[in-house]
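Okay, my_file-v2.pdb is below, PDB, N, CA and C atoms:
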```pdb
ATOM      1  N   MET G   1      60.669  29.434 192.951
ATOM      2  CA  MET G   1      61.015  30.850 192.868
ATOM      3  C   MET G   1      61.260  31.203 191.401
ATOM      4  N   GLY G   2      60.423  32.119 190.884
ATOM      5  CA  GLY G   2      60.571  32.552 189.498
ATOM      6  C   GLY G   2      61.347  33.857 189.417
ATOM      7  N   ILE G   3      61.537  34.314 188.227
ATOM      8  CA  ILE G   3      62.290  35.557 188.019
ATOM      9  C   ILE G   3      61.538  36.741 188.626
ATOM     10  N   GLY G   4      60.237  36.701 188.665
ATOM     11  CA  GLY G   4      59.456  37.800 189.218
ATOM     12  C   GLY G   4      59.583  37.936 190.721
ATOM     13  N   ASN G   5      60.146  36.945 191.414
ATOM     14  CA  ASN G   5      60.233  36.960 192.877
ATOM     15  C   ASN G   5      61.646  37.224 193.376
ATOM     16  N   ILE G   6      62.462  37.983 192.651
ATOM     17  CA  ILE G   6      63.846  38.217 193.066
ATOM     18  C   ILE G   6      63.883  39.063 194.336
ATOM     19  N   GLY G   7      63.204  40.190 194.343
ATOM     20  CA  GLY G   7      63.174  41.040 195.526
ATOM     21  C   GLY G   7      64.420  41.897 195.661
ATOM     22  N   LEU G   8      64.401  42.771 196.654
ATOM     23  CA  LEU G   8      65.494  43.714 196.873
ATOM     24  C   LEU G   8      66.811  43.029 197.247
ATOM     25  N   PRO G   9      66.836  42.068 198.175
ATOM     26  CA  PRO G   9      68.129  41.424 198.500
ATOM     27  C   PRO G   9      68.760  40.741 197.289
ATOM     28  N   GLY G  10      67.957  40.126 196.449
ATOM     29  CA  GLY G  10      68.481  39.486 195.249
ATOM     30  C   GLY G  10      69.058  40.490 194.278
ATOM     31  N   LEU G  11      68.367  41.618 194.109
ATOM     32  CA  LEU G  11      68.880  42.665 193.211
ATOM     33  C   LEU G  11      70.192  43.240 193.728
ATOM     34  N   LEU G  12      70.290  43.439 195.038
ATOM     35  CA  LEU G  12      71.535  43.947 195.620
ATOM     36  C   LEU G  12      72.673  42.955 195.411
ATOM     37  N   LEU G  13      72.408  41.671 195.586
ATOM     38  CA  LEU G  13      73.421  40.652 195.370
ATOM     39  C   LEU G  13      73.891  40.649 193.920
ATOM     40  N   ILE G  14      72.948  40.748 192.984
ATOM     41  CA  ILE G  14      73.300  40.796 191.559
ATOM     42  C   ILE G  14      74.142  42.034 191.264
ATOM     43  N   ALA G  15      73.758  43.186 191.838
ATOM     44  CA  ALA G  15      74.511  44.431 191.616
ATOM     45  C   ALA G  15      75.936  44.304 192.127
ATOM     46  N   VAL G  16      76.118  43.689 193.289
ATOM     47  CA  VAL G  16      77.462  43.520 193.847
ATOM     48  C   VAL G  16      78.288  42.588 192.970
ATOM     49  N   VAL G  17      77.700  41.506 192.500
ATOM     50  CA  VAL G  17      78.431  40.560 191.653
ATOM     51  C   VAL G  17      78.851  41.235 190.345
ATOM     52  N   VAL G  18      77.943  41.997 189.742
ATOM     53  CA  VAL G  18      78.268  42.706 188.503
ATOM     54  C   VAL G  18      79.380  43.719 188.750
ATOM     55  N   LEU G  19      79.320  44.429 189.863
ATOM     56  CA  LEU G  19      80.348  45.423 190.189
ATOM     57  C   LEU G  19      81.710  44.758 190.370
ATOM     58  N   VAL G  20      81.737  43.612 191.034
ATOM     59  CA  VAL G  20      83.003  42.905 191.251
ATOM     60  C   VAL G  20      83.551  42.363 189.930
ATOM     61  N   LEU G  21      82.686  41.829 189.082
ATOM     62  CA  LEU G  21      83.146  41.239 187.826
ATOM     63  C   LEU G  21      83.666  42.283 186.841
ATOM     64  N   PHE G  22      82.966  43.389 186.695
ATOM     65  CA  PHE G  22      83.308  44.354 185.654
ATOM     66  C   PHE G  22      84.090  45.552 186.159
ATOM     67  N   GLY G  23      83.994  45.884 187.416
ATOM     68  CA  GLY G  23      84.685  47.058 187.931
ATOM     69  C   GLY G  23      83.880  48.319 187.700
ATOM     70  N   ARG G  24      84.113  49.321 188.534
ATOM     71  CA  ARG G  24      83.315  50.542 188.485
ATOM     72  C   ARG G  24      83.537  51.329 187.206
ATOM     73  N   GLY G  25      84.764  51.398 186.715
ATOM     74  CA  GLY G  25      85.059  52.172 185.508
ATOM     75  C   GLY G  25      84.359  51.626 184.279
ATOM     76  N   LYS G  26      84.366  50.310 184.143
ATOM     77  CA  LYS G  26      83.727  49.681 182.989
ATOM     78  C   LYS G  26      82.216  49.901 183.024
ATOM     79  N   ILE G  27      81.609  49.802 184.203
ATOM     80  CA  ILE G  27      80.166  49.988 184.330
ATOM     81  C   ILE G  27      79.782  51.433 184.025
ATOM     82  N   SER G  28      80.562  52.400 184.520
ATOM     83  CA  SER G  28      80.220  53.802 184.275
ATOM     84  C   SER G  28      80.352  54.136 182.792
ATOM     85  N   SER G  29      81.376  53.590 182.122
ATOM     86  CA  SER G  29      81.511  53.858 180.687
ATOM     87  C   SER G  29      80.381  53.185 179.913
ATOM     88  N   LEU G  30      79.972  52.003 180.359
ATOM     89  CA  LEU G  30      78.855  51.320 179.713
ATOM     90  C   LEU G  30      77.568  52.117 179.888
ATOM     91  N   MET G  31      77.326  52.660 181.072
ATOM     92  CA  MET G  31      76.131  53.472 181.315
ATOM     93  C   MET G  31      76.183  54.752 180.488
ATOM     94  N   GLY G  32      77.378  55.306 180.301
ATOM     95  CA  GLY G  32      77.516  56.486 179.444
ATOM     96  C   GLY G  32      77.120  56.185 178.013
ATOM     97  N   GLU G  33      77.528  55.007 177.526
ATOM     98  CA  GLU G  33      77.157  54.598 176.174
ATOM     99  C   GLU G  33      75.654  54.382 176.062
ATOM    100  N   VAL G  34      75.055  53.800 177.097
ATOM    101  CA  VAL G  34      73.606  53.598 177.092
ATOM    102  C   VAL G  34      72.898  54.957 177.042
ATOM    103  N   GLY G  35      73.389  55.918 177.831
ATOM    104  CA  GLY G  35      72.809  57.260 177.833
ATOM    105  C   GLY G  35      72.913  57.926 176.465
ATOM    106  N   LYS G  36      74.066  57.766 175.813
ATOM    107  CA  LYS G  36      74.235  58.339 174.471
ATOM    108  C   LYS G  36      73.270  57.682 173.486
ATOM    109  N   GLY G  37      73.086  56.377 173.629
ATOM    110  CA  GLY G  37      72.161  55.668 172.745
ATOM    111  C   GLY G  37      70.733  56.143 172.929
ATOM    112  N   ILE G  38      70.324  56.346 174.188
ATOM    113  CA  ILE G  38      68.969  56.828 174.465
ATOM    114  C   ILE G  38      68.785  58.230 173.898
ATOM    115  N   THR G  39      69.793  59.085 174.074
ATOM    116  CA  THR G  39      69.720  60.449 173.553
ATOM    117  C   THR G  39      69.605  60.445 172.030
ATOM    118  N   ALA G  40      70.403  59.603 171.379
ATOM    119  CA  ALA G  40      70.353  59.519 169.919
ATOM    120  C   ALA G  40      68.994  58.995 169.448
ATOM    121  N   PHE G  41      68.440  58.035 170.184
ATOM    122  CA  PHE G  41      67.126  57.490 169.827
ATOM    123  C   PHE G  41      66.053  58.566 169.934
ATOM    124  N   LYS G  42      66.066  59.329 171.036
ATOM    125  CA  LYS G  42      65.072  60.393 171.220
ATOM    126  C   LYS G  42      65.204  61.445 170.129
ATOM    127  N   LYS G  43      66.451  61.800 169.763
ATOM    128  CA  LYS G  43      66.668  62.789 168.705
ATOM    129  C   LYS G  43      66.113  62.268 167.382
ATOM    130  N   GLY G  44      66.339  60.987 167.094
ATOM    131  CA  GLY G  44      65.824  60.396 165.869
ATOM    132  C   GLY G  44      64.305  60.393 165.826
ATOM    133  N   VAL G  45      63.684  60.091 166.965
ATOM    134  CA  VAL G  45      62.220  60.096 167.029
ATOM    135  C   VAL G  45      61.693  61.509 166.809
ATOM    136  N   ASN G  46      62.316  62.505 167.448
ATOM    137  CA  ASN G  46      61.880  63.899 167.284
ATOM    138  C   ASN G  46      62.057  64.363 165.838
ATOM    139  N   ASP G  47      63.182  64.002 165.214
ATOM    140  CA  ASP G  47      63.411  64.386 163.819
ATOM    141  C   ASP G  47      62.377  63.731 162.899
ATOM    142  N   GLY G  48      62.063  62.472 163.160
ATOM    143  CA  GLY G  48      61.061  61.776 162.357
ATOM    144  C   GLY G  48      59.688  62.394 162.511
ATOM    145  N   THR G  49      59.334  62.765 163.740
ATOM    146  CA  THR G  49      58.042  63.406 163.991
ATOM    147  C   THR G  49      57.971  64.748 163.273
ATOM    148  N   LYS G  50      59.047  65.517 163.359
ATOM    149  CA  LYS G  50      59.088  66.823 162.695
ATOM    150  C   LYS G  50      58.953  66.662 161.185
ATOM    151  N   GLU G  51      59.608  65.656 160.630
ATOM    152  CA  GLU G  51      59.531  65.415 159.188
ATOM    153  C   GLU G  51      58.107  65.039 158.776
ATOM    154  N   LEU G  52      57.443  64.218 159.574
ATOM    155  CA  LEU G  52      56.054  63.847 159.272
ATOM    156  C   LEU G  52      55.131  65.060 159.331
ATOM    157  N   GLU G  53      55.355  65.945 160.320
ATOM    158  CA  GLU G  53      54.532  67.154 160.434
ATOM    159  C   GLU G  53      54.749  68.063 159.232
ATOM    160  N   GLU G  54      55.999  68.187 158.780
ATOM    161  CA  GLU G  54      56.279  69.024 157.609
ATOM    162  C   GLU G  54      55.630  68.439 156.360
ATOM    163  N   ASP G  55      55.653  67.112 156.226
ATOM    164  CA  ASP G  55      55.009  66.479 155.074
ATOM    165  C   ASP G  55      53.498  66.715 155.109
ATOM    166  N   ALA G  56      52.895  66.634 156.296
ATOM    167  CA  ALA G  56      51.457  66.868 156.427
ATOM    168  C   ALA G  56      51.124  68.321 156.097
ATOM    169  N   ALA G  57      51.965  69.261 156.536
ATOM    170  CA  ALA G  57      51.738  70.668 156.237
ATOM    171  C   ALA G  57      51.863  70.917 154.732
ATOM    172  N   GLU G  58      52.797  70.264 154.087
ATOM    173  CA  GLU G  58      52.972  70.413 152.632
ATOM    174  C   GLU G  58      51.738  69.894 151.896
ATOM    175  N   ALA G  59      51.190  68.787 152.364
ATOM    176  CA  ALA G  59      50.015  68.200 151.722
ATOM    177  C   ALA G  59      48.768  69.056 151.953
ATOM    178  N   ALA G  60      48.747  69.820 153.045
ATOM    179  CA  ALA G  60      47.567  70.613 153.386
ATOM    180  C   ALA G  60      47.579  71.999 152.743
ATOM    181  N   LYS G  61      48.600  72.304 151.953
ATOM    182  CA  LYS G  61      48.656  73.618 151.305
ATOM    183  C   LYS G  61      47.518  73.782 150.318
ATOM    184  N   ASP G  62      47.283  75.009 149.920
ATOM    185  CA  ASP G  62      46.196  75.341 148.987
ATOM    186  C   ASP G  62      46.443  74.671 147.634
ATOM    187  N   VAL G  63      45.495  73.869 147.217
ATOM    188  CA  VAL G  63      45.627  73.159 145.947
ATOM    189  C   VAL G  63      44.633  73.663 144.909
ATOM    190  N   THR G  64      44.094  74.850 145.139
ATOM    191  CA  THR G  64      43.153  75.446 144.192
ATOM    192  C   THR G  64      43.882  75.777 142.896
ATOM    193  N   PRO G  65      43.316  75.395 141.760
ATOM    194  CA  PRO G  65      43.981  75.743 140.489
ATOM    195  C   PRO G  65      44.126  77.261 140.350
ATOM    196  N   GLU G  66      45.150  77.686 139.631
ATOM    197  CA  GLU G  66      45.454  79.119 139.497
ATOM    198  C   GLU G  66      44.290  79.910 138.932
ATOM    199  N   ASP G  67      43.581  79.383 137.949
ATOM    200  CA  ASP G  67      42.499  80.142 137.312
ATOM    201  C   ASP G  67      41.252  80.198 138.191
ATOM    202  N   GLN G  68      41.192  79.445 139.260
ATOM    203  CA  GLN G  68      40.008  79.449 140.136
ATOM    204  C   GLN G  68      40.211  80.302 141.391
ATOM    205  N   LYS G  69      41.430  80.802 141.651
ATOM    206  CA  LYS G  69      41.709  81.529 142.888
ATOM    207  C   LYS G  69      41.002  82.878 142.955
ATOM    208  N   ASP G  70      40.735  83.533 141.817
ATOM    209  CA  ASP G  70      40.101  84.849 141.812
ATOM    210  C   ASP G  70      38.613  84.757 142.148
ATOM    211  N   LYS G  71      38.000  83.659 141.845
ATOM    212  CA  LYS G  71      36.559  83.520 142.001
ATOM    213  C   LYS G  71      36.189  83.349 143.473
ATOM    214  N   VAL G  72      35.020  83.889 143.810
ATOM    215  CA  VAL G  72      34.569  83.801 145.200
ATOM    216  C   VAL G  72      33.467  82.777 145.309
TER     217      VAL G  72
END
```

Once you've parsed the file, please lay out its structure as C-alpha cells.
Amino acid sequence: MGIGNIGLPGLLLIAVVVLVLFGRGKISSLMGEVGKGITAFKKGVNDGTKELEEDAAEAAKDVTPEDQKDKV
C-alpha cells in the first residue's frame, strides 16, 4: 500500500487524528493563516503582473526623435 492508495476512510482517520491532536481552535487559526498567505501571494502576483505591463507600455511609447515628428 503506497501513499497514493490512502482512500476516503484513510483520509477521514487522518482528519480525526489531526483534530484530536491539535484541537478545533488551533486548526481554524492555522487555516486562517493559510488563507491570508494565499491572499497575499495572489496580491503579489497581481502587483508584479501590473508592474510588468506598465514597463511594457513605457517601452512601447513613441520613440521618434523630436525633429522627425513633423515629417510625414

Those in chain G with alpha helix (DSSP H) from DSSP, as a ChimeraX atom specification: /G:7-22,24-59

Pairwise distance, CA of Phe41 in chain G with CA of Leu11 in chain G, equals 27.7 Å

Atomic separation - atom C of Ile27 in chain G relative to CA of Ala15 in chain G, Å: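 About the pair CA of Ala15 in chain G and atom C of Ile27 in chain G: they are 11.6 Å apart.
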
Find the distance between CA of Val17 in chain G and CA of Thr39 in chain G and write it in Å to one decimal.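 Interatomic distance here is 28.3 Å.
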